[in-house]
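Trainee: So I've got this file, start-v4.cif, and it contains mmCIF, C-alpha atoms and all ligand atoms:
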data_protein
loop_
_atom_site.label_atom_id
_atom_site.label_comp_id
_atom_site.auth_asym_id
_atom_site.auth_seq_id
_atom_site.Cartn_x
_atom_site.Cartn_y
_atom_site.Cartn_z
CA MET A 154 -15.83 -5.93 -14.63
CA GLN A 155 -12.66 -5.55 -16.71
CA ILE A 156 -10.07 -4.09 -14.38
CA LEU A 157 -6.54 -2.86 -15.06
CA VAL A 158 -4.32 -3.27 -11.99
CA THR A 159 -0.92 -1.59 -11.90
CA GLY A 160 1.54 -3.17 -9.47
CA GLY A 161 -0.43 -6.44 -9.41
CA ALA A 162 2.74 -8.49 -8.84
CA GLY A 163 3.55 -6.58 -5.67
CA TYR A 164 2.59 -7.37 -2.10
CA ILE A 165 -0.76 -5.58 -1.79
CA GLY A 166 -1.51 -5.82 -5.53
CA SER A 167 -1.25 -9.62 -5.50
CA VAL A 168 -3.84 -9.86 -2.72
CA VAL A 169 -6.14 -7.32 -4.37
CA CYS A 170 -5.94 -9.37 -7.60
CA GLU A 171 -6.52 -12.64 -5.70
CA LYS A 172 -9.76 -11.23 -4.23
CA LEU A 173 -10.94 -9.67 -7.51
CA HIS A 174 -10.31 -12.97 -9.30
CA GLU A 175 -12.37 -14.84 -6.68
CA GLN A 176 -15.26 -12.52 -7.55
CA GLY A 177 -14.94 -13.33 -11.25
CA HIS A 178 -13.51 -10.05 -12.56
CA ALA A 179 -11.34 -10.02 -15.69
CA LEU A 180 -7.89 -8.73 -14.78
CA PHE A 181 -5.18 -6.98 -16.76
CA VAL A 182 -1.99 -6.45 -14.79
CA ILE A 183 0.92 -4.15 -15.58
CA ASP A 184 4.03 -4.60 -13.47
CA ASP A 185 7.67 -4.23 -14.46
CA LEU A 186 8.70 -6.51 -11.57
CA ARG A 187 11.17 -3.97 -10.16
CA ASP A 188 9.81 -4.89 -6.73
CA GLY A 189 7.25 -7.51 -7.65
CA ASN A 190 7.34 -11.22 -8.29
CA LYS A 191 6.06 -13.05 -11.35
CA ASN A 192 4.89 -15.92 -9.16
CA ALA A 193 2.63 -13.53 -7.25
CA LEU A 194 0.48 -12.96 -10.32
CA THR A 195 -3.08 -14.17 -10.15
CA PRO A 196 -3.66 -17.08 -12.54
CA GLY A 197 -5.80 -16.00 -15.48
CA ALA A 198 -4.78 -12.34 -15.31
CA VAL A 199 -3.49 -10.93 -18.60
CA PHE A 200 0.01 -9.82 -17.66
CA PHE A 201 2.15 -7.10 -19.23
CA GLU A 202 5.70 -6.92 -17.92
CA SER A 203 6.26 -3.21 -18.39
CA ASP A 204 6.41 0.20 -16.83
CA PHE A 205 2.81 1.21 -16.14
CA ALA A 206 3.58 4.58 -17.74
CA ASN A 207 4.38 2.96 -21.08
CA ALA A 208 2.14 5.12 -23.29
CA LYS A 209 2.17 2.70 -26.23
CA LEU A 210 1.15 -0.21 -24.04
CA LEU A 211 -1.65 1.83 -22.46
CA ASP A 212 -2.87 2.74 -25.98
CA GLN A 213 -2.87 -0.95 -26.85
CA ILE A 214 -4.71 -2.05 -23.68
CA PHE A 215 -7.30 0.74 -23.67
CA SER A 216 -8.00 0.59 -27.42
CA SER A 217 -8.56 -3.15 -27.58
CA ASN A 218 -10.44 -3.70 -24.28
CA THR A 219 -13.25 -1.96 -22.46
CA ILE A 220 -11.57 -1.25 -19.14
CA ASP A 221 -14.15 -0.31 -16.51
CA LEU A 222 -11.74 0.61 -13.74
CA VAL A 223 -8.05 1.15 -13.04
CA ILE A 224 -6.67 0.16 -9.64
CA HIS A 225 -3.37 2.00 -9.41
CA LEU A 226 -1.02 0.43 -6.87
CA ALA A 227 2.34 0.60 -8.67
CA ALA A 228 4.70 3.05 -7.02
CA SER A 229 8.10 3.51 -5.47
CA ALA A 230 7.33 3.26 -1.79
CA ASN A 231 10.42 3.26 0.42
CA VAL A 232 10.24 6.27 2.77
CA PRO A 233 13.90 6.57 3.84
CA ASP A 234 15.12 5.96 0.30
CA SER A 235 12.82 8.72 -0.97
CA VAL A 236 14.55 11.19 1.37
CA VAL A 237 18.00 10.33 0.00
CA ASN A 238 16.90 9.92 -3.59
CA PRO A 239 13.70 11.91 -4.24
CA LEU A 240 13.68 12.33 -8.01
CA PRO A 241 12.91 8.70 -8.96
CA TYR A 242 9.96 8.88 -6.53
CA TYR A 243 8.51 11.94 -8.24
CA GLN A 244 9.30 10.44 -11.66
CA ASN A 245 7.60 7.12 -10.99
CA ASN A 246 4.81 8.17 -8.66
CA VAL A 247 3.85 11.56 -10.10
CA SER A 248 5.04 11.69 -13.69
CA GLY A 249 4.03 8.06 -14.31
CA THR A 250 0.59 8.63 -12.81
CA ILE A 251 0.07 11.67 -15.07
CA THR A 252 0.75 9.49 -18.14
CA LEU A 253 -1.71 6.88 -16.88
CA LEU A 254 -4.38 9.53 -16.27
CA GLN A 255 -3.78 11.11 -19.70
CA LYS A 256 -4.42 7.75 -21.33
CA MET A 257 -7.49 7.13 -19.18
CA GLN A 258 -8.85 10.49 -20.29
CA ALA A 259 -8.02 9.80 -23.96
CA TYR A 260 -9.85 6.46 -23.94
CA GLY A 261 -12.74 7.49 -21.70
CA VAL A 262 -11.78 5.24 -18.76
CA LYS A 263 -13.64 6.98 -15.98
CA LYS A 264 -12.92 5.17 -12.71
CA ILE A 265 -9.77 4.85 -10.62
CA ILE A 266 -8.99 3.45 -7.17
CA PHE A 267 -5.70 4.94 -6.03
CA SER A 268 -3.31 3.63 -3.37
CA SER A 269 -2.23 6.51 -1.20
CA THR A 270 -0.63 6.46 2.20
CA ALA A 271 -0.67 7.73 5.78
CA ALA A 272 2.57 9.50 4.83
CA VAL A 273 0.50 12.33 3.31
CA TYR A 274 -0.28 13.55 6.85
CA GLY A 275 3.28 14.07 8.08
CA GLU A 276 3.77 14.60 11.79
CA PRO A 277 0.32 14.13 13.38
CA GLN A 278 -1.30 17.13 15.01
CA PHE A 279 -3.95 14.90 16.59
CA ILE A 280 -4.55 11.17 16.98
CA PRO A 281 -6.39 9.25 15.64
CA ILE A 282 -5.84 10.89 12.28
CA THR A 283 -9.02 11.64 10.35
CA GLU A 284 -9.10 12.39 6.64
CA SER A 285 -9.50 16.10 7.40
CA HIS A 286 -6.17 16.22 9.27
CA PRO A 287 -3.74 18.78 7.72
CA LEU A 288 -1.67 17.35 4.87
CA VAL A 289 1.99 18.20 5.49
CA PRO A 290 4.16 15.25 4.41
CA VAL A 291 7.64 14.98 5.92
CA ASN A 292 9.22 12.95 3.14
CA PRO A 293 9.25 12.98 -0.69
CA TYR A 294 7.30 9.70 -0.86
CA GLY A 295 4.42 11.30 1.06
CA TRP A 296 4.59 14.42 -1.13
CA SER A 297 4.54 12.33 -4.31
CA LYS A 298 1.34 10.60 -3.17
CA LEU A 299 -0.22 13.89 -2.08
CA PHE A 300 0.51 15.40 -5.51
CA ASP A 301 -1.13 12.34 -7.09
CA GLU A 302 -4.20 12.79 -4.91
CA GLN A 303 -4.53 16.42 -6.01
CA ILE A 304 -4.02 15.55 -9.69
CA ILE A 305 -6.71 12.86 -9.46
CA LYS A 306 -9.13 15.33 -7.82
CA ASP A 307 -8.39 17.88 -10.56
CA CYS A 308 -9.14 15.21 -13.19
CA ALA A 309 -12.44 14.45 -11.45
CA HIS A 310 -13.29 18.12 -11.72
CA SER A 311 -12.16 18.55 -15.33
CA PHE A 312 -13.15 15.38 -17.16
CA GLY A 313 -15.49 13.53 -14.86
CA LEU A 314 -13.06 10.93 -13.52
CA SER A 315 -14.54 9.09 -10.52
CA PHE A 316 -12.12 8.07 -7.80
CA TYR A 317 -11.64 6.42 -4.49
CA ILE A 318 -8.39 7.27 -2.74
CA PHE A 319 -7.30 4.88 0.00
CA ARG A 320 -4.70 6.07 2.47
CA TYR A 321 -3.28 2.79 3.72
CA PHE A 322 -1.57 2.76 7.07
CA CYS A 323 1.04 -0.05 7.56
CA ALA A 324 0.04 -3.04 5.46
CA ALA A 325 1.13 -6.34 7.00
CA GLY A 326 0.21 -10.02 7.27
CA ALA A 327 -0.35 -12.66 4.61
CA THR A 328 -3.06 -14.73 3.00
CA GLY A 329 -2.48 -18.43 2.28
CA ALA A 330 -1.31 -17.54 -1.24
CA HIS A 331 0.50 -14.23 -0.82
CA GLY A 332 2.76 -12.42 1.59
CA GLU A 333 5.71 -10.08 1.75
CA SER A 334 8.56 -11.49 -0.35
CA ARG A 335 10.61 -8.46 -1.29
CA ILE A 336 14.27 -8.93 -2.24
CA CYS A 337 15.13 -5.90 -0.13
CA GLU A 338 12.74 -5.94 2.83
CA SER A 339 12.29 -2.74 4.84
CA HIS A 340 9.04 -3.42 6.73
CA LEU A 341 9.11 -4.08 10.46
CA ILE A 342 7.01 -7.23 10.87
CA PRO A 343 8.81 -9.42 8.28
CA LEU A 344 12.16 -8.15 9.57
CA ALA A 345 11.21 -8.88 13.19
CA ILE A 346 10.10 -12.39 12.23
CA ASP A 347 13.37 -12.97 10.35
CA ALA A 348 15.32 -11.87 13.43
CA ALA A 349 13.28 -14.20 15.65
CA ILE A 350 13.71 -17.24 13.41
CA GLY A 351 17.42 -16.57 12.91
CA LYS A 352 17.22 -15.54 9.25
CA ARG A 353 18.92 -12.29 10.19
CA GLU A 354 21.23 -11.52 13.06
CA SER A 355 19.32 -8.64 14.59
CA LEU A 356 16.82 -5.91 14.00
CA PHE A 357 17.43 -2.15 13.91
CA VAL A 358 15.07 0.01 15.93
CA PHE A 359 15.28 3.50 14.45
CA GLY A 360 15.05 5.94 17.35
CA ASN A 361 14.07 5.60 21.01
CA ASN A 362 13.28 9.21 21.84
CA PHE A 363 10.08 9.80 19.92
CA ASN A 364 7.23 11.26 21.92
CA THR A 365 5.49 7.88 22.22
CA ILE A 366 4.66 5.33 24.92
CA ASP A 367 8.21 3.87 24.97
CA GLY A 368 10.15 6.22 22.68
CA SER A 369 10.01 3.99 19.60
CA GLY A 370 7.86 4.85 16.58
CA VAL A 371 4.18 3.94 16.68
CA ARG A 372 2.27 2.66 13.63
CA ASP A 373 -1.17 1.32 12.81
CA TYR A 374 -0.80 -2.17 11.26
CA ILE A 375 -3.56 -3.29 8.95
CA HIS A 376 -3.92 -6.76 7.46
CA VAL A 377 -3.38 -6.86 3.70
CA GLU A 378 -6.62 -8.81 3.27
CA ASP A 379 -8.57 -6.06 5.05
CA ILE A 380 -7.02 -3.58 2.60
CA ALA A 381 -8.02 -5.75 -0.37
CA ASN A 382 -11.57 -6.02 0.96
CA ALA A 383 -11.97 -2.23 0.90
CA HIS A 384 -11.36 -2.33 -2.86
CA LEU A 385 -14.06 -4.96 -3.30
CA LEU A 386 -16.57 -2.92 -1.31
CA CYS A 387 -16.12 0.05 -3.65
CA LEU A 388 -16.61 -1.76 -6.93
CA ASN A 389 -20.38 -1.63 -7.07
CA SER A 390 -20.77 1.57 -5.13
CA PRO A 391 -23.19 3.97 -6.91
CA ILE A 392 -21.31 6.58 -8.88
CA ASP A 393 -22.56 9.47 -6.73
CA ASN A 394 -20.86 7.80 -3.75
CA TRP A 395 -17.40 7.99 -5.46
CA ASN A 396 -14.87 10.84 -5.22
CA LYS A 397 -13.99 10.10 -1.62
CA THR A 398 -10.78 9.58 0.32
CA PHE A 399 -10.60 7.01 3.11
CA ASN A 400 -8.03 6.05 5.70
CA LEU A 401 -7.54 2.31 6.00
CA GLY A 402 -6.23 1.45 9.45
CA THR A 403 -7.37 -0.20 12.66
CA SER A 404 -7.36 2.83 14.99
CA ASN A 405 -4.80 0.98 17.16
CA GLY A 406 -1.17 1.96 17.29
CA PHE A 407 1.72 -0.28 18.31
CA SER A 408 5.27 0.84 18.97
CA VAL A 409 8.26 -0.91 17.42
CA LEU A 410 9.12 -2.36 20.83
CA GLU A 411 5.56 -3.64 21.26
CA ILE A 412 5.75 -5.31 17.84
CA ILE A 413 9.02 -6.96 18.88
CA LYS A 414 7.42 -8.26 22.09
CA ALA A 415 4.32 -9.52 20.25
CA THR A 416 6.50 -11.26 17.63
CA GLU A 417 8.57 -12.95 20.35
CA THR A 418 5.40 -14.13 22.09
CA ILE A 419 3.78 -15.50 18.93
CA ILE A 420 6.92 -17.26 17.70
CA GLY A 421 8.08 -18.26 21.17
CA LYS A 422 11.63 -17.00 20.62
CA GLU A 423 13.50 -13.90 21.71
CA LEU A 424 15.06 -11.69 19.10
CA THR A 425 18.06 -9.40 19.21
CA PHE A 426 17.61 -5.75 18.35
CA LYS A 427 19.80 -2.64 18.27
CA ILE A 428 18.64 0.89 18.85
CA VAL A 429 20.09 3.22 16.22
CA ASP A 430 19.47 6.82 15.14
CA LYS A 431 16.08 7.98 13.91
CA ARG A 432 15.65 8.00 10.16
CA PRO A 433 14.90 11.34 8.53
CA GLY A 434 11.28 11.59 7.43
CA ASP A 435 9.86 9.17 10.03
CA PRO A 436 6.91 10.62 12.00
CA ALA A 437 6.62 9.60 15.67
CA SER A 438 3.17 8.10 15.47
CA LEU A 439 0.60 7.30 12.77
CA ILE A 440 -2.78 5.96 13.87
CA ALA A 441 -5.87 6.10 11.67
CA SER A 442 -9.45 6.90 12.30
CA SER A 443 -11.27 4.78 9.71
CA ASP A 444 -14.81 5.81 10.71
CA PHE A 445 -15.35 7.56 7.38
CA ALA A 446 -14.72 4.34 5.40
CA PHE A 447 -17.08 2.47 7.72
CA LYS A 448 -19.84 5.06 7.33
CA ASN A 449 -19.51 5.26 3.54
CA ILE A 450 -18.67 1.78 2.31
CA GLY A 451 -19.22 -0.31 5.44
CA TRP A 452 -15.52 -1.20 5.67
CA LYS A 453 -13.99 -2.32 8.92
CA PRO A 454 -10.85 -4.30 9.69
CA ASN A 455 -11.31 -7.92 10.75
CA PHE A 456 -7.79 -8.99 11.73
CA SER A 457 -6.05 -8.39 15.07
CA LEU A 458 -2.33 -7.67 15.48
CA GLU A 459 -1.82 -11.27 16.65
CA GLN A 460 -3.47 -12.59 13.47
CA ILE A 461 -1.37 -10.24 11.36
CA ILE A 462 1.91 -11.40 12.90
CA ASP A 463 0.86 -15.04 12.96
CA SER A 464 -0.14 -15.04 9.27
CA ALA A 465 3.10 -13.25 8.34
CA TYR A 466 5.08 -15.79 10.37
CA ARG A 467 3.40 -18.73 8.65
CA TRP A 468 4.11 -17.15 5.26
CA ARG A 469 7.73 -16.46 6.12
CA MET A 470 8.28 -20.05 7.26
CA ASN A 471 6.76 -21.39 4.06
CA PRO A 472 6.64 -18.74 1.31
CA LEU A 473 5.18 -19.84 -2.01
CA TYR A 474 7.57 -17.54 -3.87
N1 LIG B 501 2.95 -1.62 2.11
C1 LIG B 501 2.45 -0.62 2.83
O1 LIG B 501 2.48 -0.65 4.07
C2 LIG B 501 1.83 0.59 2.15
C3 LIG B 501 1.33 1.62 2.96
C4 LIG B 501 0.75 2.72 2.35
C5 LIG B 501 0.63 2.78 0.97
N2 LIG B 501 1.13 1.78 0.21
C6 LIG B 501 1.00 1.88 -1.26
O2 LIG B 501 0.43 0.69 -1.75
C7 LIG B 501 0.94 0.40 -3.05
C8 LIG B 501 1.45 -1.03 -3.07
O3 LIG B 501 2.44 -1.19 -2.07
P1 LIG B 501 3.17 -2.57 -1.80
O4 LIG B 501 3.56 -2.59 -0.38
O5 LIG B 501 2.38 -3.67 -2.36
O6 LIG B 501 4.49 -2.35 -2.64
P2 LIG B 501 5.27 -3.37 -3.58
O7 LIG B 501 6.58 -2.73 -3.87
O8 LIG B 501 5.24 -4.74 -3.03
O9 LIG B 501 4.37 -3.36 -4.89
C9 LIG B 501 4.46 -2.33 -5.86
C10 LIG B 501 4.48 -3.02 -7.21
O10 LIG B 501 4.51 -2.00 -8.22
C11 LIG B 501 5.50 -2.37 -9.18
N3 LIG B 501 5.95 -1.12 -9.80
C12 LIG B 501 6.52 -0.04 -9.21
N4 LIG B 501 6.77 0.91 -10.13
C13 LIG B 501 6.35 0.43 -11.32
C14 LIG B 501 6.31 0.94 -12.63
N5 LIG B 501 6.77 2.14 -12.94
N6 LIG B 501 5.77 0.18 -13.60
C15 LIG B 501 5.28 -1.06 -13.33
N7 LIG B 501 5.30 -1.61 -12.10
C16 LIG B 501 5.82 -0.87 -11.11
C17 LIG B 501 6.56 -3.12 -8.44
O11 LIG B 501 7.29 -3.99 -9.28
C18 LIG B 501 5.72 -3.89 -7.42
O12 LIG B 501 5.33 -5.14 -7.93
C19 LIG B 501 1.99 1.46 -3.33
O13 LIG B 501 1.39 2.46 -4.11
C20 LIG B 501 2.33 2.01 -1.96
O14 LIG B 501 2.75 3.35 -2.04
C21 LIG B 501 1.73 0.68 0.76
#
Can you give me the file's structure in the form of structure tokens?
Ligand SMILES: NC(=O)c1ccc[n+]([C@@H]2O[C@H](COP(=O)([O-])OP(=O)(O)OC[C@H]3O[C@@H](n4cnc5c(N)ncnc54)[C@H](O)[C@@H]3O)[C@@H](O)[C@H]2O)c1

Mentor:
Amino acid sequence: MQILVTGGAGYIGSVVCEKLHEQGHALFVIDDLRDGNKNALTPGAVFFESDFANAKLLDQIFSSNTIDLVIHLAASANVPDSVVNPLPYYQNNVSGTITLLQKMQAYGVKKIIFSSTAAVYGEPQFIPITESHPLVPVNPYGWSKLFDEQIIKDCAHSFGLSFYIFRYFCAAGATGAHGESRICESHLIPLAIDAAIGKRESLFVFGNNFNTIDGSGVRDYIHVEDIANAHLLCLNSPIDNWNKTFNLGTSNGFSVLEIIKATETIIGKELTFKIVDKRPGDPASLIASSDFAFKNIGWKPNFSLEQIIDSAYRWRMNPLY
């Protein structure tokens, strides 16, 4: 297949591209490197360093290639920042996605796999969260992704776009070739590892009075390679099996304090942490039910929390970029 990947120089995008390349697909990547890394690009991919919503570039790509599928990962994705500074999130995630969809419609590109998030659910009303859980985001990032989901569904209805929407829970871990290498890291596992290996002084734990097992926030951590595999499983799915939305998580939740303990055990070092105020827009607990993805595309996670932390640790000790 000829596949256009937006955000292919980012953390999840680089692993998705790595796996697609292994299967022999021809890749076109758009990434403006605002949060990505040129060295994360899959060798052989045709790379455009640009905003994915660059209408002229999309004209050029779609008019001179037969693109079978768009995998749309590029987005602004920092929850606390989206609360303080919402407009760039709506601009990039919603407005940009509309431009991409307009160009897909204009050039008859009829398939999209879209990266959504557990943040569309907001504060859980029941756990584990199924795809039919009410959608009440508690931060602008979650709203921006929910708007995208609705726009994509409306396009499916109006011009026959076929979609898979994946609601990722907390992506983590590394492959041999790719891992989290953000300039400004905000994710717990890489930060905990950095605190344990002395790359940072300590770790902030945001809130200790959530209604959870130990008061700290609970999340469902899913290995980035498991996420990439879900994309592969969809590629050859018959068209009447498309137009579905799946959670991608493990159905296991771990609190921040449990992640700290597990990181200390795996690395064999204690880390210093400080409990600080809750961040606005952070739900207490997000744990997925991924039964629907298993029933429909046969997807299930293969990596344990220990494997996630261990792979992230190995990457952080020896990052390739
Ligand atoms: N990491 C997670 O835990 C997680 C969880 C749920 C959903 N997601 C979603 O998965 C996707 C990928 O996340 P990630 O963790 O790999 O993030 P990331 O920041 O590592 O990757 C995003 C990539 O998109 C690029 N990008 C952003 N806006 C762009 C634009 N306008 N034009 C071109 N490139 C642009 C960035 O440069 C970056 O390379 C995002 O859509 C995110 O919302 C991530």

Trainee: Counting only C-alpha atoms, which residues sit no farther than 12 Å from the position (5.5, 9.0, 22.6) in the file's frame? I'd like them as an MDAnalysis selection string.

Mentor: chainID A and resid 277 280 360:372 406:409 436:439

Trainee: Kindly compile the residues surrounding ligand LIG 501 (chain B) within 6 Å, counting all atoms listed in the file, and format them as an MDAnalysis selection string.

Mentor: chainID A and resid 160 162:166 183:189 203:205 226:230 245 268:270 321:324

Trainee: Which distance in Å separates atom CA of A:Phe426 and atom CA of A:Glu411, to one decimal?

Mentor: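 The value is 12.6 Å.
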
Trainee: Do you know which residues are at most 10 Å from A:Glu378 counting all atoms listed in the file, after dropping those on the same chain fewer than 2 positions away, and could you put them as a list in words?

Mentor: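 So, after excluding close chain neighbours, the residues are Ile165, Val168, Val169, Glu171, Lys172, Ala324, Ala325, Gly326, Ala327, Thr328, His331, Ile375, His376, Ile380, Ala381, Asn382, Ala383, Pro454, Asn455, Phe456 and Ile461 of chain A.
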
Trainee: Can you tell me, as a ChimeraX atom specification, what residues are no more than 10 Å from A:Cys387 when counting all atoms listed in the file, ignoring any on the same chain fewer than 4 positions away?

Mentor: /A:266,316-317,382-383,391-392,394-395,449-452
